[in-house]
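**Student:** The structure's right below; bear with me while I get my questions together.
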Amino acid sequence: MSEEKCYHCSDDIIGKPIVFDTHEFCCNGCKSVYQLLRDNNLGNFYQIEKNAGVKPSESNLHKYAFLDVEAIRAKTIEFEDESTVRVNLYLPAIHCSSCIYLLENSPKIEPAIQSCQLNFAKREASIQFDPTKISLSGLALFLDKIGYAPNFGNRVQNEKSIDKQYLYKLGVAGFAFGSIMLWSFPEYLGVENDNPEFRNFTAYLSLAVSIPVLIYSAREYFVSAYKALKFKSLNLDVPITIGIIALYVQSAYSILAGEGPGYMDSFAGFIFFLLIGKWFQNKTYKMLSFERDYTSYFPLAITRLTNNEEEIVEIEALKVDDLILLRNEEVLPSDSILVSEEAKIDYSFVTGESVPVLKRKGEFIYAGGKLLGQRITLKVQHESNRSHLTRLWNEIKSEKETTSGFIYQNQLSYYFLIAIFLIALGASIGWFFIDPTQITRIVVAILIVACPCALALSAPFTFGNIMRLLGRRGLYLKNTNVIERMNSITDIVFDKTGTLTSGSTDKVELIGDELQFEEKNALYALCNSSTHPLSRGIVNYLRSQGVASKDEIENFQESQGKGISGSINGLDVNLGSPSYCNIVNKDSTETASYFTVGNKKGRFVFSSELRIGIPELMNRLSNYKLHVLSGDKDKDLTLLKSIFPHESVILFEQSPADKLNYITNLSLEGKKVLMVGDGLNDAGALGKADVGIAVSEDVFRFTPSSDAIIEASKLSILDQLLSISNYSKTVLLVCLIFSLTYNIIGLSFAISGNLSPLVAAILMPISSITVVILSTFLIQGKK
């Protein structure tokens, strides 16, 4: 028998090893994976984490053949076109940083894989691949071959199995703790010397039951600390592991030397309460669920057609065979069949490729596709998956994404740990001259009571609560990184139309040639395919006059910042700027949408009406430099100057490109910019700003370039929302002060010898629970 370990999976090699490239492997499968990695220049896999591989199963070519059955395949994939298929697979074998490295570099091994993004916490991989080069079953077989077999079974049952393992560890530690406490009861009463034989017997019993606690219940702490030290870093498990080892070795020595049970009761209790604390922490993170779906958080809605009437409903209300209406630039929330004659779909939200795909009547369209062109009608095939859309939103890469706050806190924890080690060293030196027998007990108590677990928990829990509070107030954030960026904002840039002003139908006036009913119908049909605030205003205006056309549009086109055009029932219709409609503009100051219908022309004139509370809002935003960028004429310059501070910048006739350049220049000046505008027409500027907030009037839709979406009626309390975000810094500071106070008091008791390791182990989860309660109380009490 060989006692060597396999170079890939670290299993014991039984019998003669398989030698390849100077390394020894337990089987041909591990050797093949190693050769595959080496040949594709991925040898760093083993440098990141030695023996990090997973042994591949002895799979055969037909193991995943069931995935080629069309009905099963259709349920598995999230998106498919001629050159791309997207799936989200559960890979239970993901367990370390090397797994991330290998899987995210899998396109280098298998060229048919276009991309692979991991959610480590959920052990999920979002994979895009070319179906002309590899089938879904072939992809599953490839993943199996490199040691990450997909699980297509009951995910809930598998997760319950993992939870049971944790409960088993907790049960073993709890049983040992209770038993050792019972056997040590005579010693607590001071009668241990009356029967030394019994004392030694119970001490050896304590040693016996402590072994499973050390090997099984505490195993993950040893593994975590070993990995951290191997990379010359520190994590929270390092001092805990040192405390475990010191306490156990000292207690085992006392028992074997016949000196009594030592601190074996403290050791078992330490592990037991550690696991309770970790269980609480895991439950807390699951409750926060940052890789969340927005089922109870984000009110995404869609236009449903019921008896030919349009109604706005949340996507959870959609049922199979419901008819829905989609307008230009809107994102489809559920897999559907196209009812209209044809549509151009942009799947860049799903695949990253922005080449439009032409779909015809009866064809299947996947959720996440964005409509380019006239409005269309679709029939729902699968009920909407809100978590799928929000995962796509969060997977969009952005140069402004950052985790600086968490990085700062991790650095603080790192230096905190170094300080604790120095304090423990100083205490051990001091107690060497006072009572050397107390050194182990005191050092362990110091390492336990000063563990910064509460500090590590405070930031994610605080940001999670802030996100929920903002959501209840009408501001829906993409992720917690947005909070950190919001807290550093110096400048706020507003769009005017549809942002500062509302789309009120009472302030729309039709001027020009007299229109017949069919000509109004044509205008209605064209405008109803657009999501621009002025188009929506025209639709509401015409609808108030009894116009409600459902006519199809031919050759629909929308030129961003200029206008829209199309042909309805033989009438050529153009709507937008004067130049777009080839009309001479006689009034250069009014805000208007010009149109031509056949040989008739005119304009819809909009009298700007500020949203309720906007003037008061500008007074309350005095701490920020304010800017207004409008694509309209400067008719409202006097109005805006009257409500904005004197030093504000107000610019008109700004195209989408002008807005993008303006934001870029502010960033180059070192400004931290918050942009508030229309999520579709201001997409470029929203994406460039440090924080982009899209204003939604009545339909909540995903805007990939934005970081947040705000209800239009809540824009007037933007200052309060920013204040809530900034309040997170205060909460974190309070949690930090509490953690430091707890550690200072605990350390003073531990260093003086008045704190046992067992009491320290009890205090550690209590401190974490206190931080959670403190954070929740402070945030829930925020008005």
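Chain identifiers are assigned as A, B, and so on, following the order in which chains appear in the structure tokens; residues are numbered from 1 within each chain, and ligands are numbered from 1 in order of appearance.
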Quick one: residues within 12 Å of Phe175 in chain A, only C-alpha atoms counted, chain neighbours fewer than 2 positions away excluded, as a VMD selection string?

**Tutor:** chain A and resid 167 to 173 177 to 182 206 209 to 210 212 to 213 217 265 268 to 269 271 to 272

**Student:** With distances taken over only C-alpha atoms, which of A:Cys735, A:Ala685, A:Leu639, A:Ala522 is nearest to Ala459 in chain A?

**Tutor:**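 Ranking A:Cys735, A:Ala685, A:Leu639, A:Ala522 by distance to Ala459 in chain A, first place goes to A:Cys735.
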
**Student:** For Leu141 in chain A, find every residue with an atom within 8 Å (counting only C-alpha atoms), except residues of its own chain fewer than 2 positions away, and show them as a list in words.

**Tutor:**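 Non-adjacent residues within range: Ser59, Leu61, Lys63, Tyr64, Ser137, Gly138, Leu139, Leu143, Asp144, Lys145 and Ala149 of chain A.
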
**Student:** So that I have them on file, write out the residues from the current selection with all heavy atoms, as a JSON list (two decimals), in the first residue's frame.

**Tutor:**
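again-v3.json written:
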[["chain", "number", "residue", "atom", "x", "y", "z"],
["A", 59, "SER", "N", -17.57, 8.29, -15.75],
["A", 59, "SER", "CA", -18.80, 8.47, -16.52],
["A", 59, "SER", "C", -18.68, 7.84, -17.89],
["A", 59, "SER", "O", -17.60, 7.70, -18.44],
["A", 59, "SER", "CB", -19.10, 9.96, -16.65],
["A", 59, "SER", "OG", -18.00, 10.62, -17.23],
["A", 61, "LEU", "N", -20.46, 7.69, -21.99],
["A", 61, "LEU", "CA", -20.95, 8.66, -22.97],
["A", 61, "LEU", "C", -22.45, 8.85, -22.92],
["A", 61, "LEU", "O", -22.96, 9.84, -23.43],
["A", 61, "LEU", "CB", -20.54, 8.21, -24.38],
["A", 61, "LEU", "CG", -19.03, 8.20, -24.64],
["A", 61, "LEU", "CD1", -18.75, 7.65, -26.04],
["A", 61, "LEU", "CD2", -18.44, 9.60, -24.50],
["A", 63, "LYS", "N", -24.34, 8.90, -20.05],
["A", 63, "LYS", "CA", -24.81, 9.27, -18.72],
["A", 63, "LYS", "C", -25.80, 10.43, -18.77],
["A", 63, "LYS", "O", -26.76, 10.48, -18.01],
["A", 63, "LYS", "CB", -23.62, 9.63, -17.84],
["A", 63, "LYS", "CG", -24.00, 10.02, -16.42],
["A", 63, "LYS", "CD", -22.76, 10.27, -15.57],
["A", 63, "LYS", "CE", -23.13, 10.64, -14.15],
["A", 63, "LYS", "NZ", -21.94, 10.86, -13.30],
["A", 64, "TYR", "N", -25.55, 11.39, -19.66],
["A", 64, "TYR", "CA", -26.40, 12.59, -19.74],
["A", 64, "TYR", "C", -27.23, 12.62, -21.02],
["A", 64, "TYR", "O", -27.66, 13.68, -21.46],
["A", 64, "TYR", "CB", -25.54, 13.85, -19.65],
["A", 64, "TYR", "CG", -24.80, 13.96, -18.33],
["A", 64, "TYR", "CD1", -23.45, 13.63, -18.25],
["A", 64, "TYR", "CD2", -25.46, 14.38, -17.18],
["A", 64, "TYR", "CE1", -22.76, 13.72, -17.04],
["A", 64, "TYR", "CE2", -24.78, 14.47, -15.97],
["A", 64, "TYR", "CZ", -23.43, 14.14, -15.91],
["A", 64, "TYR", "OH", -22.75, 14.23, -14.72],
["A", 137, "SER", "N", -25.85, 17.74, -23.49],
["A", 137, "SER", "CA", -25.35, 16.52, -22.84],
["A", 137, "SER", "C", -23.83, 16.47, -22.90],
["A", 137, "SER", "O", -23.17, 16.02, -21.95],
["A", 137, "SER", "CB", -25.95, 15.27, -23.51],
["A", 137, "SER", "OG", -25.59, 15.22, -24.88],
["A", 138, "GLY", "N", -23.26, 16.96, -24.01],
["A", 138, "GLY", "CA", -21.80, 17.01, -24.13],
["A", 138, "GLY", "C", -21.19, 17.97, -23.13],
["A", 138, "GLY", "O", -20.12, 17.71, -22.56],
["A", 139, "LEU", "N", -21.86, 19.11, -22.90],
["A", 139, "LEU", "CA", -21.38, 20.06, -21.90],
["A", 139, "LEU", "C", -21.41, 19.43, -20.51],
["A", 139, "LEU", "O", -20.44, 19.56, -19.74],
["A", 139, "LEU", "CB", -22.27, 21.31, -21.92],
["A", 139, "LEU", "CG", -21.98, 22.35, -20.82],
["A", 139, "LEU", "CD1", -20.61, 22.98, -21.03],
["A", 139, "LEU", "CD2", -23.07, 23.43, -20.79],
["A", 143, "LEU", "N", -18.18, 18.77, -18.02],
["A", 143, "LEU", "CA", -18.09, 19.20, -16.62],
["A", 143, "LEU", "C", -17.85, 18.00, -15.70],
["A", 143, "LEU", "O", -17.08, 18.09, -14.73],
["A", 143, "LEU", "CB", -19.37, 19.94, -16.22],
["A", 143, "LEU", "CG", -19.60, 21.28, -16.92],
["A", 143, "LEU", "CD1", -21.00, 21.81, -16.61],
["A", 143, "LEU", "CD2", -18.56, 22.32, -16.48],
["A", 144, "ASP", "N", -18.51, 16.90, -15.99],
["A", 144, "ASP", "CA", -18.31, 15.67, -15.22],
["A", 144, "ASP", "C", -16.86, 15.21, -15.34],
["A", 144, "ASP", "O", -16.22, 14.81, -14.36],
["A", 144, "ASP", "CB", -19.27, 14.59, -15.73],
["A", 144, "ASP", "CG", -19.36, 13.41, -14.78],
["A", 144, "ASP", "OD1", -18.31, 13.00, -14.25],
["A", 144, "ASP", "OD2", -20.46, 12.89, -14.59],
["A", 145, "LYS", "N", -16.31, 15.31, -16.56],
["A", 145, "LYS", "CA", -14.95, 14.84, -16.83],
["A", 145, "LYS", "C", -13.91, 15.61, -16.02],
["A", 145, "LYS", "O", -12.90, 15.04, -15.58],
["A", 145, "LYS", "CB", -14.66, 14.98, -18.33],
["A", 145, "LYS", "CG", -13.29, 14.47, -18.75],
["A", 145, "LYS", "CD", -13.10, 14.64, -20.25],
["A", 145, "LYS", "CE", -11.71, 14.17, -20.69],
["A", 145, "LYS", "NZ", -11.49, 14.38, -22.14],
["A", 149, "ALA", "N", -19.56, 17.43, -11.80],
["A", 149, "ALA", "CA", -20.77, 16.85, -12.38],
["A", 149, "ALA", "C", -21.99, 17.68, -12.02],
["A", 149, "ALA", "O", -22.23, 17.97, -10.84],
["A", 149, "ALA", "CB", -20.95, 15.42, -11.86]]

**Student:** Could you name the residues that touch Asp658 in chain A at 10 Å or less, counting only C-alpha atoms, but leaving out those on the same chain fewer than 5 positions away, as a PyMOL selection string?

**Tutor:** chain A and resi 629-631+653+663-664+684-685

**Student:** Within 10 Å of range 249-253 of chain A, counting only C-alpha atoms, which residues show up once you throw out same-chain ones fewer than 6 positions away? Write them as a list in words, please.

**Tutor:**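 Selected residues are Ala203, Tyr204, Ser206, Leu207, Ser210, Gly243, Glu259, Gly260, Pro261, Gly262, Tyr263, Met264, Asp265, Ser266, Phe267, Thr437, Thr440 and Arg441 of chain A.
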
**Student:** With N, CA and C atoms retained, export the selected residues as a tab-separated table (two decimals), in the first residue's frame.

**Tutor:**
chain	number	residue	atom	x	y	z
A	203	ALA	N	-11.91	11.29	33.23
A	203	ALA	CA	-11.03	12.12	32.40
A	203	ALA	C	-10.75	11.42	31.08
A	204	TYR	N	-10.52	10.12	31.12
A	204	TYR	CA	-10.27	9.39	29.87
A	204	TYR	C	-11.54	9.28	29.03
A	206	SER	N	-13.74	11.64	28.89
A	206	SER	CA	-13.81	12.97	28.28
A	206	SER	C	-12.88	13.05	27.07
A	207	LEU	N	-11.67	12.49	27.22
A	207	LEU	CA	-10.74	12.49	26.11
A	207	LEU	C	-11.29	11.71	24.92
A	210	SER	N	-14.05	13.55	23.11
A	210	SER	CA	-13.59	14.80	22.51
A	210	SER	C	-12.94	14.59	21.15
A	243	GLY	N	-6.67	28.64	19.12
A	243	GLY	CA	-7.30	28.42	20.41
A	243	GLY	C	-7.76	26.98	20.58
A	259	GLU	N	-3.17	14.44	35.59
A	259	GLU	CA	-3.38	15.67	36.34
A	259	GLU	C	-4.84	16.11	36.38
A	260	GLY	N	-5.73	15.31	35.80
A	260	GLY	CA	-7.12	15.69	35.79
A	260	GLY	C	-7.65	15.96	34.38
A	261	PRO	N	-8.91	16.39	34.26
A	261	PRO	CA	-9.54	16.56	32.94
A	261	PRO	C	-9.11	17.81	32.20
A	262	GLY	N	-8.28	18.67	32.83
A	262	GLY	CA	-7.85	19.88	32.13
A	262	GLY	C	-9.04	20.77	31.81
A	263	TYR	N	-9.04	21.28	30.57
A	263	TYR	CA	-10.12	22.17	30.12
A	263	TYR	C	-10.94	21.50	29.02
A	264	MET	N	-11.13	20.18	29.11
A	264	MET	CA	-11.83	19.48	28.04
A	264	MET	C	-13.30	19.91	27.96
A	265	ASP	N	-13.89	20.27	29.11
A	265	ASP	CA	-15.26	20.78	29.06
A	265	ASP	C	-15.32	22.12	28.32
A	266	SER	N	-14.31	22.97	28.56
A	266	SER	CA	-14.25	24.24	27.84
A	266	SER	C	-14.02	24.02	26.35
A	267	PHE	N	-13.19	23.00	26.01
A	267	PHE	CA	-12.94	22.71	24.60
A	267	PHE	C	-14.22	22.30	23.88
A	437	THR	N	0.95	28.02	34.63
A	437	THR	CA	-0.11	27.04	34.37
A	437	THR	C	-1.36	27.69	33.78
A	440	THR	N	-2.14	28.86	28.91
A	440	THR	CA	-3.01	28.30	27.87
A	440	THR	C	-4.44	28.81	28.01
A	441	ARG	N	-4.96	28.76	29.24
A	441	ARG	CA	-6.33	29.18	29.49
A	441	ARG	C	-6.53	30.65	29.13

**Student:** Please, what distance in Å, to one decimal, runs between CA of Phe604 in chain A and CA of Val508 in chain A?

**Tutor:**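 Pair CA of Phe604 in chain A / CA of Val508 in chain A returns 6.4 Å.
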
**Student:** Just the alpha helix (DSSP H) stuff from range 472-690 of chain A, please, per backbone DSSP, written as a PyMOL selection string.

**Tutor:** chain A and resi 472-473+481-486+517-527+533-543+614-620+637-643+656-668+683-688

**Student:** For the selection you just gave me, I'd like the residues written to a file as a compact mmCIF listing (two decimals), in the first residue's frame, keeping C-alpha atoms.

**Tutor:**
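File selection_20.txt, as written:
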# COMPACT_ATOMS: atom_id res chain seq x y z
CA ARG A 472 -40.00 50.23 0.78
CA ARG A 473 -39.49 53.96 0.11
CA ASN A 481 -22.17 48.18 -4.13
CA VAL A 482 -24.55 50.96 -5.20
CA ILE A 483 -24.98 52.03 -1.56
CA GLU A 484 -21.24 52.53 -1.15
CA ARG A 485 -21.04 54.64 -4.31
CA MET A 486 -24.12 56.68 -3.35
CA PHE A 517 -59.76 60.00 -37.05
CA GLU A 518 -57.65 57.53 -39.04
CA GLU A 519 -54.74 59.98 -38.97
CA LYS A 520 -55.00 60.28 -35.19
CA ASN A 521 -55.13 56.49 -35.05
CA ALA A 522 -51.89 56.33 -37.02
CA LEU A 523 -50.20 58.78 -34.63
CA TYR A 524 -51.50 56.81 -31.64
CA ALA A 525 -50.20 53.52 -33.05
CA LEU A 526 -46.75 55.01 -33.66
CA CYS A 527 -46.45 56.67 -30.25
CA PRO A 533 -42.03 60.29 -21.88
CA LEU A 534 -43.35 62.64 -24.61
CA SER A 535 -44.64 59.70 -26.63
CA ARG A 536 -46.44 58.38 -23.55
CA GLY A 537 -47.91 61.86 -23.01
CA ILE A 538 -49.23 61.93 -26.60
CA VAL A 539 -50.75 58.46 -26.18
CA ASN A 540 -52.57 59.55 -23.03
CA TYR A 541 -53.74 62.75 -24.76
CA LEU A 542 -55.13 60.90 -27.80
CA ARG A 543 -56.64 58.19 -25.61
CA ILE A 614 -39.52 69.23 -6.96
CA PRO A 615 -38.92 72.93 -6.00
CA GLU A 616 -38.67 71.98 -2.32
CA LEU A 617 -36.38 69.07 -3.19
CA MET A 618 -33.86 71.36 -4.87
CA ASN A 619 -33.63 73.47 -1.72
CA ARG A 620 -32.93 70.36 0.35
CA LEU A 637 -34.86 78.18 -18.44
CA THR A 638 -36.50 80.85 -16.25
CA LEU A 639 -38.61 78.26 -14.44
CA LEU A 640 -35.64 76.04 -13.68
CA LYS A 641 -33.43 78.92 -12.59
CA SER A 642 -36.11 79.92 -10.10
CA ILE A 643 -35.98 76.60 -8.29
CA PRO A 656 -27.79 61.66 -25.62
CA ALA A 657 -24.15 61.90 -26.79
CA ASP A 658 -23.84 65.39 -25.24
CA LYS A 659 -25.13 64.07 -21.91
CA LEU A 660 -22.67 61.18 -21.99
CA ASN A 661 -19.76 63.54 -22.70
CA TYR A 662 -20.84 65.89 -19.92
CA ILE A 663 -20.88 63.05 -17.36
CA THR A 664 -17.50 61.88 -18.64
CA ASN A 665 -15.98 65.33 -18.15
CA LEU A 666 -17.35 65.57 -14.60
CA SER A 667 -15.77 62.21 -13.80
CA LEU A 668 -12.44 63.35 -15.23
CA ALA A 683 -28.89 54.96 -21.08
CA GLY A 684 -25.38 56.12 -22.00
CA ALA A 685 -25.23 58.83 -19.33
CA LEU A 686 -26.74 56.54 -16.69
CA GLY A 687 -24.15 53.91 -17.44
CA LYS A 688 -21.26 56.38 -17.24

**Student:** Could you please determine the separation between CA of Trp279 in chain A and CA of Ser739 in chain A in Å, to one decimal place?

**Tutor:** 19.9 Å

**Student:** Counting only C-alpha atoms, which residue out of A:Leu323, A:Leu358, A:Gly368, A:Thr306 sits closest to Val380 in chain A?

**Tutor:**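 Among A:Leu323, A:Leu358, A:Gly368, A:Thr306, it is A:Leu323 that comes nearest to Val380 in chain A.
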
**Student:** If we count only C-alpha atoms, what is near Leu318 in chain A at a cut-off of 10 Å, once residues fewer than 3 positions away on the same chain are taken out, given as a PyMOL selection string?

**Tutor:** chain A and resi 301-304+313-315+321-324+333-334+380-384

**Student:** Just the selected residues (all heavy atoms), exported as a short mmCIF file (atom, residue, chain, number, x, y, z; two decimals), in the first residue's frame, please.

**Tutor:**
data_model
loop_
_atom_site.label_atom_id
_atom_site.label_comp_id
_atom_site.auth_asym_id
_atom_site.auth_seq_id
_atom_site.Cartn_x
_atom_site.Cartn_y
_atom_site.Cartn_z
N ALA A 301 -43.15 45.16 -13.57
CA ALA A 301 -44.50 45.05 -14.13
C ALA A 301 -44.44 45.01 -15.65
O ALA A 301 -43.42 45.31 -16.26
CB ALA A 301 -45.38 46.21 -13.66
N ILE A 302 -45.57 44.64 -16.24
CA ILE A 302 -45.67 44.51 -17.69
C ILE A 302 -47.09 44.88 -18.09
O ILE A 302 -48.01 44.87 -17.27
CB ILE A 302 -45.32 43.06 -18.14
CG1 ILE A 302 -45.16 42.97 -19.65
CG2 ILE A 302 -46.39 42.09 -17.64
CD1 ILE A 302 -43.95 43.71 -20.18
N THR A 303 -47.28 45.21 -19.36
CA THR A 303 -48.62 45.55 -19.87
C THR A 303 -49.30 44.28 -20.36
O THR A 303 -48.83 43.63 -21.29
CB THR A 303 -48.54 46.57 -21.01
OG1 THR A 303 -47.84 47.73 -20.57
CG2 THR A 303 -49.92 46.96 -21.48
N ARG A 304 -50.38 43.90 -19.72
CA ARG A 304 -51.15 42.72 -20.11
C ARG A 304 -52.41 43.15 -20.86
O ARG A 304 -53.03 44.16 -20.53
CB ARG A 304 -51.52 41.87 -18.89
CG ARG A 304 -52.27 40.59 -19.23
CD ARG A 304 -52.44 39.70 -18.00
NE ARG A 304 -53.27 40.32 -16.97
CZ ARG A 304 -53.48 39.80 -15.77
NH1 ARG A 304 -52.91 38.64 -15.45
NH2 ARG A 304 -54.23 40.42 -14.90
N VAL A 313 -49.68 45.08 -14.79
CA VAL A 313 -49.69 44.06 -13.74
C VAL A 313 -48.26 43.68 -13.39
O VAL A 313 -47.35 43.78 -14.22
CB VAL A 313 -50.46 42.80 -14.18
CG1 VAL A 313 -51.92 43.11 -14.45
CG2 VAL A 313 -49.82 42.15 -15.40
N GLU A 314 -48.05 43.25 -12.15
CA GLU A 314 -46.74 42.72 -11.79
C GLU A 314 -46.54 41.38 -12.49
O GLU A 314 -47.50 40.65 -12.77
CB GLU A 314 -46.63 42.55 -10.27
CG GLU A 314 -46.53 43.87 -9.54
CD GLU A 314 -45.97 43.70 -8.14
OE1 GLU A 314 -45.35 42.65 -7.86
OE2 GLU A 314 -46.16 44.61 -7.31
N ILE A 315 -45.29 41.06 -12.77
CA ILE A 315 -45.03 39.90 -13.62
C ILE A 315 -45.44 38.59 -12.95
O ILE A 315 -45.68 37.60 -13.65
CB ILE A 315 -43.55 39.84 -14.04
CG1 ILE A 315 -42.63 39.72 -12.83
CG2 ILE A 315 -43.19 41.04 -14.89
CD1 ILE A 315 -41.18 39.52 -13.19
N ASP A 321 -50.39 31.52 -21.43
CA ASP A 321 -51.38 31.90 -22.45
C ASP A 321 -51.90 33.32 -22.28
O ASP A 321 -52.74 33.76 -23.08
CB ASP A 321 -52.56 30.92 -22.51
CG ASP A 321 -52.15 29.56 -23.03
OD1 ASP A 321 -51.13 29.48 -23.75
OD2 ASP A 321 -52.81 28.56 -22.70
N ASP A 322 -51.44 34.07 -21.28
CA ASP A 322 -51.79 35.49 -21.19
C ASP A 322 -51.18 36.23 -22.38
O ASP A 322 -50.08 35.90 -22.85
CB ASP A 322 -51.25 36.11 -19.90
CG ASP A 322 -52.18 35.88 -18.72
OD1 ASP A 322 -53.27 35.32 -18.94
OD2 ASP A 322 -51.81 36.25 -17.59
N LEU A 323 -51.88 37.27 -22.86
CA LEU A 323 -51.35 38.13 -23.91
C LEU A 323 -50.71 39.35 -23.27
O LEU A 323 -51.30 39.98 -22.38
CB LEU A 323 -52.45 38.56 -24.87
CG LEU A 323 -53.09 37.46 -25.73
CD1 LEU A 323 -54.20 38.05 -26.61
CD2 LEU A 323 -52.04 36.78 -26.61
N ILE A 324 -49.50 39.69 -23.69
CA ILE A 324 -48.81 40.85 -23.15
C ILE A 324 -48.37 41.76 -24.29
O ILE A 324 -48.19 41.32 -25.42
CB ILE A 324 -47.60 40.45 -22.29
CG1 ILE A 324 -46.60 39.61 -23.10
CG2 ILE A 324 -48.03 39.73 -21.04
CD1 ILE A 324 -45.34 39.27 -22.33
N PRO A 333 -40.18 39.84 -19.90
CA PRO A 333 -39.96 39.22 -18.59
C PRO A 333 -40.19 37.72 -18.54
O PRO A 333 -39.87 37.08 -17.54
CB PRO A 333 -40.98 39.94 -17.70
CG PRO A 333 -42.11 40.23 -18.62
CD PRO A 333 -41.49 40.52 -19.96
N SER A 334 -40.76 37.13 -19.59
CA SER A 334 -41.05 35.70 -19.55
C SER A 334 -40.96 35.10 -20.95
O SER A 334 -41.18 35.79 -21.95
CB SER A 334 -42.45 35.45 -18.97
OG SER A 334 -43.43 36.14 -19.73
N VAL A 380 -47.72 34.36 -23.39
CA VAL A 380 -46.82 33.84 -22.37
C VAL A 380 -46.79 32.31 -22.41
O VAL A 380 -47.84 31.66 -22.46
CB VAL A 380 -47.26 34.32 -20.96
CG1 VAL A 380 -46.42 33.67 -19.88
CG2 VAL A 380 -47.17 35.84 -20.88
N GLN A 381 -45.58 31.73 -22.39
CA GLN A 381 -45.42 30.28 -22.41
C GLN A 381 -44.98 29.72 -21.06
O GLN A 381 -45.31 28.61 -20.70
CB GLN A 381 -44.38 29.88 -23.47
CG GLN A 381 -44.82 30.19 -24.88
CD GLN A 381 -46.10 29.46 -25.24
OE1 GLN A 381 -46.14 28.23 -25.32
NE2 GLN A 381 -47.17 30.22 -25.46
N HIS A 382 -44.20 30.51 -20.32
CA HIS A 382 -43.77 30.11 -18.98
C HIS A 382 -43.99 31.28 -18.04
O HIS A 382 -43.77 32.43 -18.41
CB HIS A 382 -42.28 29.70 -18.95
CG HIS A 382 -41.96 28.54 -19.82
ND1 HIS A 382 -40.97 28.57 -20.79
CD2 HIS A 382 -42.51 27.30 -19.88
CE1 HIS A 382 -40.92 27.40 -21.41
NE2 HIS A 382 -41.85 26.63 -20.88
N GLU A 383 -44.41 30.99 -16.84
CA GLU A 383 -44.58 32.06 -15.86
C GLU A 383 -43.25 32.73 -15.60
O GLU A 383 -42.19 32.10 -15.64
CB GLU A 383 -45.19 31.50 -14.58
CG GLU A 383 -46.61 31.01 -14.78
CD GLU A 383 -47.27 30.54 -13.49
OE1 GLU A 383 -46.62 30.68 -12.42
OE2 GLU A 383 -48.39 30.03 -13.54
N SER A 384 -43.30 34.02 -15.33
CA SER A 384 -42.08 34.82 -15.25
C SER A 384 -41.20 34.41 -14.09
O SER A 384 -41.67 34.09 -13.01
CB SER A 384 -42.45 36.30 -15.11
OG SER A 384 -41.29 37.08 -15.05
#

**Student:** CA of Val339 in chain A and CA of Thr76 in chain A are how many Å apart?

**Tutor:**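 Separation of CA of Val339 in chain A and CA of Thr76 in chain A: 24.4 Å.
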
**Student:** If you run DSSP on this backbone, which residues of range 399-555 of chain A come out as strand (DSSP E), and could you give them as a ChimeraX atom specification?

**Tutor:** /A:475-477,491-495,508-512,554-555

**Student:** Env of range 758-772 of chain A: 6 Å cut, atoms = only C-alpha atoms, seq-sep filter 5 positions within chain, self excluded. Answer as a ChimeraX atom specification.

**Tutor:** /A:266,269-270,273,277,445,448-449,454

**Student:** Which is closer to Gly147 in chain A than all the others in A:Asp335, A:Ser549, A:Leu275, A:Pro92, using only C-alpha atoms?

**Tutor:** A:Pro92
